[in-house]
file work-v9.txt (compact mmCIF, C-alpha atoms and all ligand atoms)
# COMPACT_ATOMS: atom_id res chain seq x y z
CA MET A 146 29.62 47.14 68.93
CA LEU A 147 29.81 45.76 65.36
CA GLU A 148 26.83 46.17 63.09
CA ILE A 149 26.79 44.84 59.53
CA ARG A 150 23.71 45.78 57.59
CA ASP A 151 22.68 44.54 54.13
CA LEU A 152 26.35 44.17 53.12
CA ARG A 153 26.94 43.44 49.47
CA VAL A 154 30.32 42.58 47.97
CA ASP A 155 31.09 41.74 44.35
CA ILE A 156 34.23 39.87 43.36
CA ALA A 157 35.33 39.78 39.72
CA GLY A 158 31.88 41.00 38.69
CA SER A 159 29.99 38.32 40.63
CA PRO A 160 27.79 39.05 43.64
CA ILE A 161 29.49 37.16 46.51
CA LEU A 162 27.74 38.77 49.51
CA ARG A 163 24.08 39.47 48.74
CA GLY A 164 22.82 41.33 51.79
CA VAL A 165 24.60 40.13 54.93
CA SER A 166 23.29 41.55 58.20
CA LEU A 167 24.56 40.63 61.65
CA ALA A 168 25.53 42.30 64.90
CA VAL A 169 28.05 41.60 67.65
CA GLY A 170 27.33 43.30 70.96
CA ALA A 171 29.92 44.28 73.59
CA GLY A 172 31.39 41.15 75.16
CA GLU A 173 29.43 38.81 72.89
CA LEU A 174 30.73 35.66 71.22
CA VAL A 175 29.10 35.29 67.81
CA CYS A 176 29.72 32.65 65.16
CA LEU A 177 29.32 33.03 61.40
CA LEU A 178 28.79 29.46 60.25
CA GLY A 179 28.69 28.22 56.66
CA ARG A 180 30.20 25.81 54.20
CA ASN A 181 33.34 26.52 52.18
CA GLY A 182 32.74 29.31 49.71
CA ALA A 183 29.61 30.63 51.49
CA GLY A 184 31.16 34.07 52.06
CA LYS A 185 32.58 34.01 55.61
CA THR A 186 36.09 35.18 54.74
CA THR A 187 34.68 37.81 52.39
CA THR A 188 32.53 39.16 55.26
CA LEU A 189 35.51 39.44 57.63
CA ASN A 190 37.67 40.94 54.88
CA ALA A 191 35.00 43.57 54.21
CA VAL A 192 34.93 44.49 57.92
CA MET A 193 38.73 44.88 57.92
CA GLY A 194 38.69 46.99 54.75
CA HIS A 195 40.45 44.36 52.64
CA ARG A 196 37.36 44.05 50.42
CA ARG A 197 35.36 46.97 49.11
CA ALA A 198 31.59 46.87 49.71
CA ALA A 199 29.23 47.37 46.80
CA GLY A 200 26.47 48.38 49.22
CA GLY A 201 25.22 48.24 52.77
CA ALA A 202 26.80 49.48 55.99
CA ILE A 203 29.44 48.38 58.50
CA ARG A 204 29.61 50.29 61.77
CA PHE A 205 31.92 49.73 64.74
CA ARG A 206 31.00 51.51 67.97
CA GLY A 207 28.78 53.77 65.91
CA ARG A 208 31.51 54.67 63.43
CA ASP A 209 31.16 53.99 59.71
CA LEU A 210 34.00 51.69 58.57
CA LEU A 211 33.28 51.67 54.84
CA GLY A 212 36.07 53.32 52.89
CA LEU A 213 38.58 53.28 55.77
CA PRO A 214 41.94 51.54 55.07
CA PRO A 215 42.70 48.35 57.07
CA HIS A 216 45.33 49.94 59.35
CA ARG A 217 42.84 52.61 60.46
CA ILE A 218 40.19 49.95 61.14
CA ALA A 219 42.67 47.92 63.23
CA ARG A 220 43.59 51.04 65.20
CA LEU A 221 39.94 51.57 66.10
CA GLY A 222 40.23 48.32 68.08
CA ILE A 223 39.46 45.41 65.77
CA GLY A 224 41.97 42.54 65.94
CA PHE A 225 42.03 40.06 63.04
CA SER A 226 43.41 36.54 62.83
CA PRO A 227 43.12 35.52 59.16
CA GLU A 228 42.31 32.03 57.90
CA GLU A 229 45.89 31.20 56.89
CA SER A 230 47.22 32.81 60.12
CA GLU A 231 49.68 34.84 58.00
CA VAL A 232 52.49 34.93 60.52
CA PHE A 233 55.48 36.93 59.23
CA ALA A 234 58.00 34.22 58.34
CA GLU A 235 61.04 36.51 58.57
CA LEU A 236 60.14 37.72 62.07
CA THR A 237 60.44 35.75 65.31
CA VAL A 238 57.41 34.76 67.38
CA ALA A 239 58.22 37.58 69.83
CA GLU A 240 58.41 40.13 66.99
CA ASN A 241 55.17 38.89 65.43
CA VAL A 242 53.30 39.23 68.73
CA ALA A 243 54.82 42.66 69.45
CA LEU A 244 53.85 44.10 66.03
CA PRO A 245 50.48 45.61 66.99
CA THR A 246 52.05 47.52 69.88
CA TRP A 247 53.94 49.49 67.22
CA THR A 248 51.03 49.87 64.82
CA ARG A 249 48.56 50.86 67.61
CA PRO A 250 50.77 52.49 70.22
CA GLU A 251 47.93 54.22 72.08
CA GLY A 252 46.17 52.53 74.99
CA ARG A 253 47.69 50.23 77.60
CA PRO A 254 51.51 49.94 77.77
CA ALA A 255 53.09 47.55 75.24
CA GLU A 256 54.60 45.29 77.94
CA ALA A 257 51.20 44.72 79.56
CA ARG A 258 49.56 43.93 76.22
CA ILE A 259 52.29 41.48 75.23
CA ALA A 260 52.30 39.80 78.66
CA HIS A 261 48.55 39.42 78.40
CA ALA A 262 48.80 37.74 74.96
CA TYR A 263 51.25 35.18 76.39
CA ALA A 264 49.04 34.65 79.44
CA VAL A 265 46.28 33.47 77.08
CA PHE A 266 48.67 31.21 75.13
CA PRO A 267 51.46 30.38 77.65
CA LYS A 268 52.96 27.74 75.36
CA LEU A 269 54.20 30.46 73.03
CA ARG A 270 56.79 31.54 75.62
CA GLN A 271 58.80 28.45 74.65
CA TYR A 272 59.11 29.68 71.05
CA LEU A 273 59.87 33.38 71.46
CA ALA A 274 63.08 33.34 69.40
CA ARG A 275 61.81 30.91 66.80
CA GLY A 276 61.23 32.22 63.25
CA GLY A 277 57.72 32.45 61.92
CA ALA A 278 58.55 29.91 59.20
CA GLN A 279 59.49 27.23 61.76
CA LEU A 280 56.11 26.82 63.41
CA SER A 281 53.49 24.07 63.18
CA GLY A 282 49.96 24.94 62.05
CA GLY A 283 48.71 25.05 65.63
CA GLU A 284 51.58 27.26 66.77
CA ARG A 285 50.95 29.61 63.83
CA LYS A 286 47.29 29.89 64.84
CA MET A 287 48.29 30.71 68.42
CA VAL A 288 50.79 33.35 67.25
CA SER A 289 48.19 34.85 64.93
CA ILE A 290 45.54 35.09 67.68
CA ALA A 291 48.10 36.29 70.27
CA ARG A 292 49.23 38.98 67.82
CA ALA A 293 45.62 40.12 67.32
CA LEU A 294 45.25 40.21 71.14
CA ALA A 295 48.35 42.37 71.57
CA LEU A 296 46.44 45.06 69.65
CA ASP A 297 44.28 45.21 72.81
CA PRO A 298 41.15 44.94 70.67
CA GLU A 299 37.58 45.53 71.78
CA LEU A 300 36.53 43.12 69.01
CA LEU A 301 38.42 40.11 67.69
CA LEU A 302 37.70 38.54 64.29
CA LEU A 303 38.88 34.93 64.01
CA ASP A 304 38.69 33.26 60.60
CA GLU A 305 38.49 29.45 60.98
CA PRO A 306 40.61 29.29 64.15
CA PHE A 307 40.41 25.46 64.26
CA GLU A 308 40.88 24.65 60.59
CA GLY A 309 43.46 22.01 59.80
CA LEU A 310 44.53 21.60 63.44
CA SER A 311 45.22 18.31 65.16
CA PRO A 312 42.65 17.20 67.78
CA LEU A 313 45.34 17.77 70.41
CA VAL A 314 45.65 21.49 69.65
CA ILE A 315 41.95 22.29 69.22
CA PRO A 316 41.13 22.33 72.99
CA GLU A 317 44.07 24.68 73.58
CA ILE A 318 42.77 27.18 71.02
CA ALA A 319 39.20 26.77 72.37
CA ARG A 320 40.45 27.47 75.90
CA GLY A 321 42.26 30.60 74.66
CA ILE A 322 39.11 31.87 72.94
CA GLY A 323 37.13 31.21 76.13
CA ALA A 324 39.68 33.22 78.14
CA ILE A 325 39.48 36.11 75.66
CA ARG A 326 35.71 36.14 75.86
CA ALA A 327 35.79 35.95 79.67
CA GLU A 328 37.71 39.25 79.67
CA GLY A 329 34.70 40.92 78.11
CA ARG A 330 36.09 41.29 74.59
CA ALA A 331 33.66 40.71 71.74
CA VAL A 332 34.60 37.86 69.40
CA LEU A 333 33.28 37.00 65.92
CA ILE A 334 34.35 33.57 64.67
CA ALA A 335 33.97 32.40 61.06
CA GLU A 336 33.57 28.62 61.13
CA SER A 337 32.65 25.90 58.66
CA ASN A 338 32.34 23.05 61.17
CA LEU A 339 29.36 23.00 63.54
CA HIS A 340 31.33 20.79 65.95
CA HIS A 341 33.84 23.59 66.48
CA VAL A 342 31.23 26.16 67.51
CA PRO A 343 31.85 26.85 71.23
CA GLU A 344 28.90 25.84 73.44
CA GLU A 345 29.03 29.26 75.14
CA VAL A 346 28.36 31.12 71.86
CA ASP A 347 25.71 33.87 72.23
CA ARG A 348 24.43 33.69 68.68
CA VAL A 349 25.03 31.79 65.47
CA HIS A 350 24.43 33.21 62.00
CA VAL A 351 24.34 30.71 59.18
CA ILE A 352 25.55 32.01 55.82
CA GLU A 353 24.75 30.26 52.55
CA ARG A 354 25.66 31.59 49.09
CA GLY A 355 26.31 35.06 50.43
CA GLU A 356 23.08 35.36 52.41
CA ILE A 357 22.29 34.96 56.10
CA VAL A 358 19.69 32.19 56.28
CA PHE A 359 19.53 31.73 60.07
CA GLY A 360 20.25 33.78 63.19
CA GLY A 361 19.72 32.60 66.76
CA THR A 362 21.11 30.63 69.66
CA LEU A 363 22.91 27.30 69.22
CA ALA A 364 19.88 25.56 70.76
CA ALA A 365 17.56 27.28 68.25
CA LEU A 366 19.88 26.25 65.41
CA ARG A 367 19.81 22.62 66.52
CA ALA A 368 16.00 22.79 66.53
CA ASP A 369 15.83 24.20 62.98
CA PRO A 370 15.94 21.35 60.44
CA ALA A 371 16.44 23.60 57.38
CA ALA A 372 19.40 25.44 58.91
CA MET A 373 20.82 22.18 60.30
CA ALA A 374 20.70 20.61 56.83
CA ILE A 375 22.93 23.43 55.56
CA VAL A 376 25.46 23.31 58.41
CA ALA A 377 25.52 19.50 58.46
CA ALA A 378 26.60 19.63 54.82
CA ALA A 379 29.37 22.03 55.84
CA ALA A 380 30.85 19.86 58.59
N1 LIG B 401 39.74 36.47 44.62
C1 LIG B 401 38.63 35.86 44.25
N2 LIG B 401 38.28 35.75 42.95
C2 LIG B 401 37.14 35.13 42.57
N3 LIG B 401 36.27 34.59 43.44
C3 LIG B 401 36.55 34.66 44.74
C4 LIG B 401 37.74 35.30 45.23
N4 LIG B 401 37.74 35.22 46.57
C5 LIG B 401 36.62 34.56 46.91
N5 LIG B 401 35.90 34.23 45.82
C6 LIG B 401 34.64 33.49 45.81
O1 LIG B 401 33.77 34.07 46.75
C7 LIG B 401 33.00 33.08 47.41
C8 LIG B 401 33.11 33.27 48.90
O2 LIG B 401 34.44 33.00 49.32
P1 LIG B 401 34.87 33.10 50.85
O3 LIG B 401 36.34 32.90 50.91
O4 LIG B 401 34.31 34.34 51.44
O5 LIG B 401 34.10 31.85 51.46
P2 LIG B 401 34.24 31.19 52.89
O6 LIG B 401 32.86 31.00 53.37
O7 LIG B 401 35.17 31.95 53.75
O8 LIG B 401 34.84 29.77 52.53
P3 LIG B 401 36.23 29.11 52.99
O9 LIG B 401 35.93 28.50 54.30
O10 LIG B 401 36.47 28.11 51.91
O11 LIG B 401 37.24 30.19 53.03
C9 LIG B 401 33.50 31.74 46.89
O12 LIG B 401 32.60 31.27 45.93
C10 LIG B 401 34.83 32.07 46.27
O13 LIG B 401 35.09 31.21 45.18
call {"tool": "encode", "arguments": {"input": "work-v9.txt", "output": "structure tokens"}}
result
Amino acid sequence: MLEIRDLRVDIAGSPILRGVSLAVGAGELVCLLGRNGAGKTTTLNAVMGHRRAAGGAIRFRGRDLLGLPPHRIARLGIGFSPEESEVFAELTVAENVALPTWTRPEGRPAEARIAHAYAVFPKLRQYLARGGAQLSGGERKMVSIARALALDPELLLLDEPFEGLSPLVIPEIARGIGAIRAEGRAVLIAESNLHHVPEEVDRVHVIERGEIVFGGTLAALRADPAAMAIVAAAA
């Protein structure tokens, strides 16, 4: 479904991604794990077209994404929940969640897509008329993921979905991600904390200084002392 091969990205003249390769198959849950500054956000931003690649390839369902603008990439079926959630403050929760049904009108009817997003995060129904600026961090995360879901994506990119959240909210987000995965959508999570990696993850890729240094199951990661030393430092 998503194939990233030997991706290189330079920022301000410095090599930030130095040959990142990973794949997410249909219906797979994959985690990109690494400490702060390792290059996780840069990888997701390159997939979404927010960062230009200096080399390598990114393909989604066989289609080359490099050079496409972000709105075209989203319309191909990639939903994105950025690290800071980036909920539109001047729009209500309902308007935020409905946005992708305007930007990607093709596919299932808007009402069904919106209803589905609220079915995954039912709590949001209590806040429909609330402005985006009046939400807690956990509510913003839920709105951001629900909005990405309303795109009806085949692949969902979630950048640090648990970061900065209270322990009370984390299980709610984890349950939502589990529900999304159970529907057969592919999910790629960028995560800096090993403890937040869902047990049901299909594969973990560890990124360190812009390079993938490990790829395998969670059990294989736990059995790899060198990779564990890197992710333990991240947690
Ligand atoms: N706009 C920028 N200008 C200069 N350097 C940048 C910029 N954006 C990112 N970087 C650098 O690129 C590297 C990778 O950053 P990135 O945000 O991809 O890391 P990350 O793994 O997502 O970490 P975090 O969890 O802290 O977001 C870091 O060293 C960061 O300082």
call {"tool": "closest_residue", "arguments": {"input": "work-v9.txt", "among": "A:Gly201, A:Pro214, A:Gly194, A:Gly355", "to": "ligand LIG 401 (chain B)", "atoms": "all atoms listed in the file"}}
result
A:Gly355
call {"tool": "closest_residue", "arguments": {"input": "work-v9.txt", "among": "A:Phe266, A:Ala371, A:Ala364, A:Leu302", "to": "Gly321 in chain A", "atoms": "only C-alpha atoms"}}
result
A:Phe266
call {"tool": "residues_around", "arguments": {"input": "work-v9.txt", "residues": "range 174-191 of chain A", "least_positions_apart": "3", "cutoff": "7 Å", "atoms": "all atoms listed in the file", "output": "MDAnalysis selection string"}}
result
chainID A and resid 161:162 169 194:198 304 326 331:337 346:355 376 379
call {"tool": "write_last_selection", "arguments": {"input": "work-v9.txt", "atoms": "C-alpha atoms", "output": "CSV table (one decimal), in the coordinates of the input"}}
result
chain,number,residue,atom,x,y,z
A,161,ILE,CA,29.5,37.2,46.5
A,162,LEU,CA,27.7,38.8,49.5
A,169,VAL,CA,28.0,41.6,67.6
A,194,GLY,CA,38.7,47.0,54.8
A,195,HIS,CA,40.4,44.4,52.6
A,196,ARG,CA,37.4,44.0,50.4
A,197,ARG,CA,35.4,47.0,49.1
A,198,ALA,CA,31.6,46.9,49.7
A,304,ASP,CA,38.7,33.3,60.6
A,326,ARG,CA,35.7,36.1,75.9
A,331,ALA,CA,33.7,40.7,71.7
A,332,VAL,CA,34.6,37.9,69.4
A,333,LEU,CA,33.3,37.0,65.9
A,334,ILE,CA,34.4,33.6,64.7
A,335,ALA,CA,34.0,32.4,61.1
A,336,GLU,CA,33.6,28.6,61.1
A,337,SER,CA,32.6,25.9,58.7
A,346,VAL,CA,28.4,31.1,71.9
A,347,ASP,CA,25.7,33.9,72.2
A,348,ARG,CA,24.4,33.7,68.7
A,349,VAL,CA,25.0,31.8,65.5
A,350,HIS,CA,24.4,33.2,62.0
A,351,VAL,CA,24.3,30.7,59.2
A,352,ILE,CA,25.6,32.0,55.8
A,353,GLU,CA,24.8,30.3,52.6
A,354,ARG,CA,25.7,31.6,49.1
A,355,GLY,CA,26.3,35.1,50.4
A,376,VAL,CA,25.5,23.3,58.4
A,379,ALA,CA,29.4,22.0,55.8
call {"tool": "atom_distance", "arguments": {"input": "work-v9.txt", "atom1": "CA of Ser226 in chain A", "atom2": "CA of Val192 in chain A"}}
result
12.6 Å
call {"tool": "residues_around", "arguments": {"input": "work-v9.txt", "residues": "Ile223 in chain A", "least_positions_apart": "5", "cutoff": "10 Å", "atoms": "all atoms listed in the file", "output": "list in words"}}
result
Leu147, Val192, Met193, Phe205, Pro215, His216, Arg217, Ile218, Ala293, Leu294, Leu296, Asp297, Pro298, Glu299, Leu300, Leu301, Leu302, Ala331 and Val332 of chain A
call {"tool": "residues_around", "arguments": {"input": "work-v9.txt", "residues": "Glu235 in chain A", "least_positions_apart": "2", "cutoff": "9 Å", "atoms": "all atoms listed in the file", "output": "list in words"}}
result
Val232, Phe233, Thr237, Gly276, Gly277 and Ala278 of chain A
call {"tool": "axis_aligned_box", "arguments": {"input": "work-v9.txt", "around": "range 251-258 of chain A", "padding_each_side": "5 Å", "output": "AutoDock Vina command-line options"}}
result
--center_x 50.4 --center_y 49.1 --center_z 75.8 --size_x 18.4 --size_y 20.3 --size_z 17.5
call {"tool": "residues_around", "arguments": {"input": "work-v9.txt", "residues": "Ala239 in chain A", "least_positions_apart": "2", "cutoff": "7 Å", "atoms": "all atoms listed in the file", "output": "PyMOL selection string"}}
result
chain A and resi 237+241-243+273-274
call {"tool": "write_last_selection", "arguments": {"input": "work-v9.txt", "atoms": "C-alpha atoms", "output": "compact mmCIF listing (two decimals), keeping the file's coordinate frame"}}
result
# COMPACT_ATOMS: atom_id res chain seq x y z
CA THR A 237 60.44 35.75 65.31
CA ASN A 241 55.17 38.89 65.43
CA VAL A 242 53.30 39.23 68.73
CA ALA A 243 54.82 42.66 69.45
CA LEU A 273 59.87 33.38 71.46
CA ALA A 274 63.08 33.34 69.40
call {"tool": "closest_residue", "arguments": {"input": "work-v9.txt", "among": "A:Pro227, A:Gly360, A:Pro316, A:Gly282", "to": "ligand LIG 401 (chain B)", "atoms": "all atoms listed in the file"}}
result
A:Pro227
call {"tool": "closest_residue", "arguments": {"input": "work-v9.txt", "among": "A:Val342, A:Leu152, A:Ile203, A:Ala157", "to": "ligand LIG 401 (chain B)", "atoms": "all atoms listed in the file"}}
result
A:Ala157
call {"tool": "closest_residue", "arguments": {"input": "work-v9.txt", "among": "A:Glu328, A:Asp151, A:Gly172, A:Glu305", "to": "ligand LIG 401 (chain B)", "atoms": "all atoms listed in the file"}}
result
A:Glu305
call {"tool": "residues_around", "arguments": {"input": "work-v9.txt", "residues": "Ala291 in chain A", "least_positions_apart": "5", "cutoff": "12 Å", "atoms": "only C-alpha atoms", "output": "MDAnalysis selection string"}}
result
chainID A and resid 224:226 230 232 238:246 258:270 284:286 296:298 301 303 306 318 321:322 324:325
call {"tool": "write_last_selection", "arguments": {"input": "work-v9.txt", "atoms": "C-alpha atoms", "output": "PDB file, in the frame of the given file"}}
result
ATOM      1  CA  GLY A 224      41.970  42.540  65.940  1.00  0.00           C
ATOM      2  CA  PHE A 225      42.030  40.060  63.040  1.00  0.00           C
ATOM      3  CA  SER A 226      43.410  36.540  62.830  1.00  0.00           C
ATOM      4  CA  SER A 230      47.220  32.810  60.120  1.00  0.00           C
ATOM      5  CA  VAL A 232      52.490  34.930  60.520  1.00  0.00           C
ATOM      6  CA  VAL A 238      57.410  34.760  67.380  1.00  0.00           C
ATOM      7  CA  ALA A 239      58.220  37.580  69.830  1.00  0.00           C
ATOM      8  CA  GLU A 240      58.410  40.130  66.990  1.00  0.00           C
ATOM      9  CA  ASN A 241      55.170  38.890  65.430  1.00  0.00           C
ATOM     10  CA  VAL A 242      53.300  39.230  68.730  1.00  0.00           C
ATOM     11  CA  ALA A 243      54.820  42.660  69.450  1.00  0.00           C
ATOM     12  CA  LEU A 244      53.850  44.100  66.030  1.00  0.00           C
ATOM     13  CA  PRO A 245      50.480  45.610  66.990  1.00  0.00           C
ATOM     14  CA  THR A 246      52.050  47.520  69.880  1.00  0.00           C
ATOM     15  CA  ARG A 258      49.560  43.930  76.220  1.00  0.00           C
ATOM     16  CA  ILE A 259      52.290  41.480  75.230  1.00  0.00           C
ATOM     17  CA  ALA A 260      52.300  39.800  78.660  1.00  0.00           C
ATOM     18  CA  HIS A 261      48.550  39.420  78.400  1.00  0.00           C
ATOM     19  CA  ALA A 262      48.800  37.740  74.960  1.00  0.00           C
ATOM     20  CA  TYR A 263      51.250  35.180  76.390  1.00  0.00           C
ATOM     21  CA  ALA A 264      49.040  34.650  79.440  1.00  0.00           C
ATOM     22  CA  VAL A 265      46.280  33.470  77.080  1.00  0.00           C
ATOM     23  CA  PHE A 266      48.670  31.210  75.130  1.00  0.00           C
ATOM     24  CA  PRO A 267      51.460  30.380  77.650  1.00  0.00           C
ATOM     25  CA  LYS A 268      52.960  27.740  75.360  1.00  0.00           C
ATOM     26  CA  LEU A 269      54.200  30.460  73.030  1.00  0.00           C
ATOM     27  CA  ARG A 270      56.790  31.540  75.620  1.00  0.00           C
ATOM     28  CA  GLU A 284      51.580  27.260  66.770  1.00  0.00           C
ATOM     29  CA  ARG A 285      50.950  29.610  63.830  1.00  0.00           C
ATOM     30  CA  LYS A 286      47.290  29.890  64.840  1.00  0.00           C
ATOM     31  CA  LEU A 296      46.440  45.060  69.650  1.00  0.00           C
ATOM     32  CA  ASP A 297      44.280  45.210  72.810  1.00  0.00           C
ATOM     33  CA  PRO A 298      41.150  44.940  70.670  1.00  0.00           C
ATOM     34  CA  LEU A 301      38.420  40.110  67.690  1.00  0.00           C
ATOM     35  CA  LEU A 303      38.880  34.930  64.010  1.00  0.00           C
ATOM     36  CA  PRO A 306      40.610  29.290  64.150  1.00  0.00           C
ATOM     37  CA  ILE A 318      42.770  27.180  71.020  1.00  0.00           C
ATOM     38  CA  GLY A 321      42.260  30.600  74.660  1.00  0.00           C
ATOM     39  CA  ILE A 322      39.110  31.870  72.940  1.00  0.00           C
ATOM     40  CA  ALA A 324      39.680  33.220  78.140  1.00  0.00           C
ATOM     41  CA  ILE A 325      39.480  36.110  75.660  1.00  0.00           C
TER      42      ILE A 325
END
call {"tool": "atom_distance", "arguments": {"input": "work-v9.txt", "atom1": "CA of Gln279 in chain A", "atom2": "CA of Arg320 in chain A"}}
result
23.7 Å
call {"tool": "closest_residue", "arguments": {"input": "work-v9.txt", "among": "A:Val165, A:Leu221, A:Leu211, A:Ala319", "to": "Phe359 in chain A", "atoms": "all atoms listed in the file"}}
result
A:Val165
call {"tool": "build_atoms", "arguments": {"input": "work-v9.txt", "residues": "range 190-206 of chain A", "atoms": "N, CA and C atoms", "output": "compact mmCIF listing (two decimals), in the coordinates of the input"}}
result
# COMPACT_ATOMS: atom_id res chain seq x y z
N ASN A 190 36.79 40.05 55.65
CA ASN A 190 37.67 40.94 54.88
C ASN A 190 37.02 42.29 54.61
N ALA A 191 35.70 42.29 54.42
CA ALA A 191 35.00 43.57 54.21
C ALA A 191 35.04 44.41 55.49
N VAL A 192 34.87 43.75 56.65
CA VAL A 192 34.93 44.49 57.92
C VAL A 192 36.31 45.13 58.08
N MET A 193 37.36 44.37 57.73
CA MET A 193 38.73 44.88 57.92
C MET A 193 39.17 45.85 56.83
N GLY A 194 38.31 46.06 55.82
CA GLY A 194 38.69 46.99 54.75
C GLY A 194 39.54 46.36 53.67
N HIS A 195 39.68 45.03 53.70
CA HIS A 195 40.45 44.36 52.64
C HIS A 195 39.60 44.12 51.39
N ARG A 196 38.28 44.21 51.55
CA ARG A 196 37.36 44.05 50.42
C ARG A 196 36.44 45.25 50.39
N ARG A 197 36.22 45.81 49.22
CA ARG A 197 35.36 46.97 49.11
C ARG A 197 33.89 46.52 49.02
N ALA A 198 33.02 47.21 49.74
CA ALA A 198 31.59 46.87 49.71
C ALA A 198 30.93 47.53 48.51
N ALA A 199 30.00 46.79 47.90
CA ALA A 199 29.23 47.37 46.80
C ALA A 199 27.97 48.04 47.34
N GLY A 200 27.65 47.77 48.61
CA GLY A 200 26.47 48.38 49.22
C GLY A 200 26.33 47.93 50.65
N GLY A 201 25.44 48.60 51.38
CA GLY A 201 25.22 48.24 52.77
C GLY A 201 26.04 49.10 53.72
N ALA A 202 26.11 48.68 54.98
CA ALA A 202 26.80 49.48 55.99
C ALA A 202 27.55 48.58 56.96
N ILE A 203 28.71 49.05 57.42
CA ILE A 203 29.44 48.38 58.50
C ILE A 203 29.80 49.46 59.51
N ARG A 204 29.31 49.29 60.74
CA ARG A 204 29.61 50.29 61.77
C ARG A 204 30.25 49.59 62.97
N PHE A 205 31.25 50.25 63.54
CA PHE A 205 31.92 49.73 64.74
C PHE A 205 31.86 50.83 65.79
N ARG A 206 31.22 50.53 66.91
CA ARG A 206 31.00 51.51 67.97
C ARG A 206 30.43 52.81 67.40
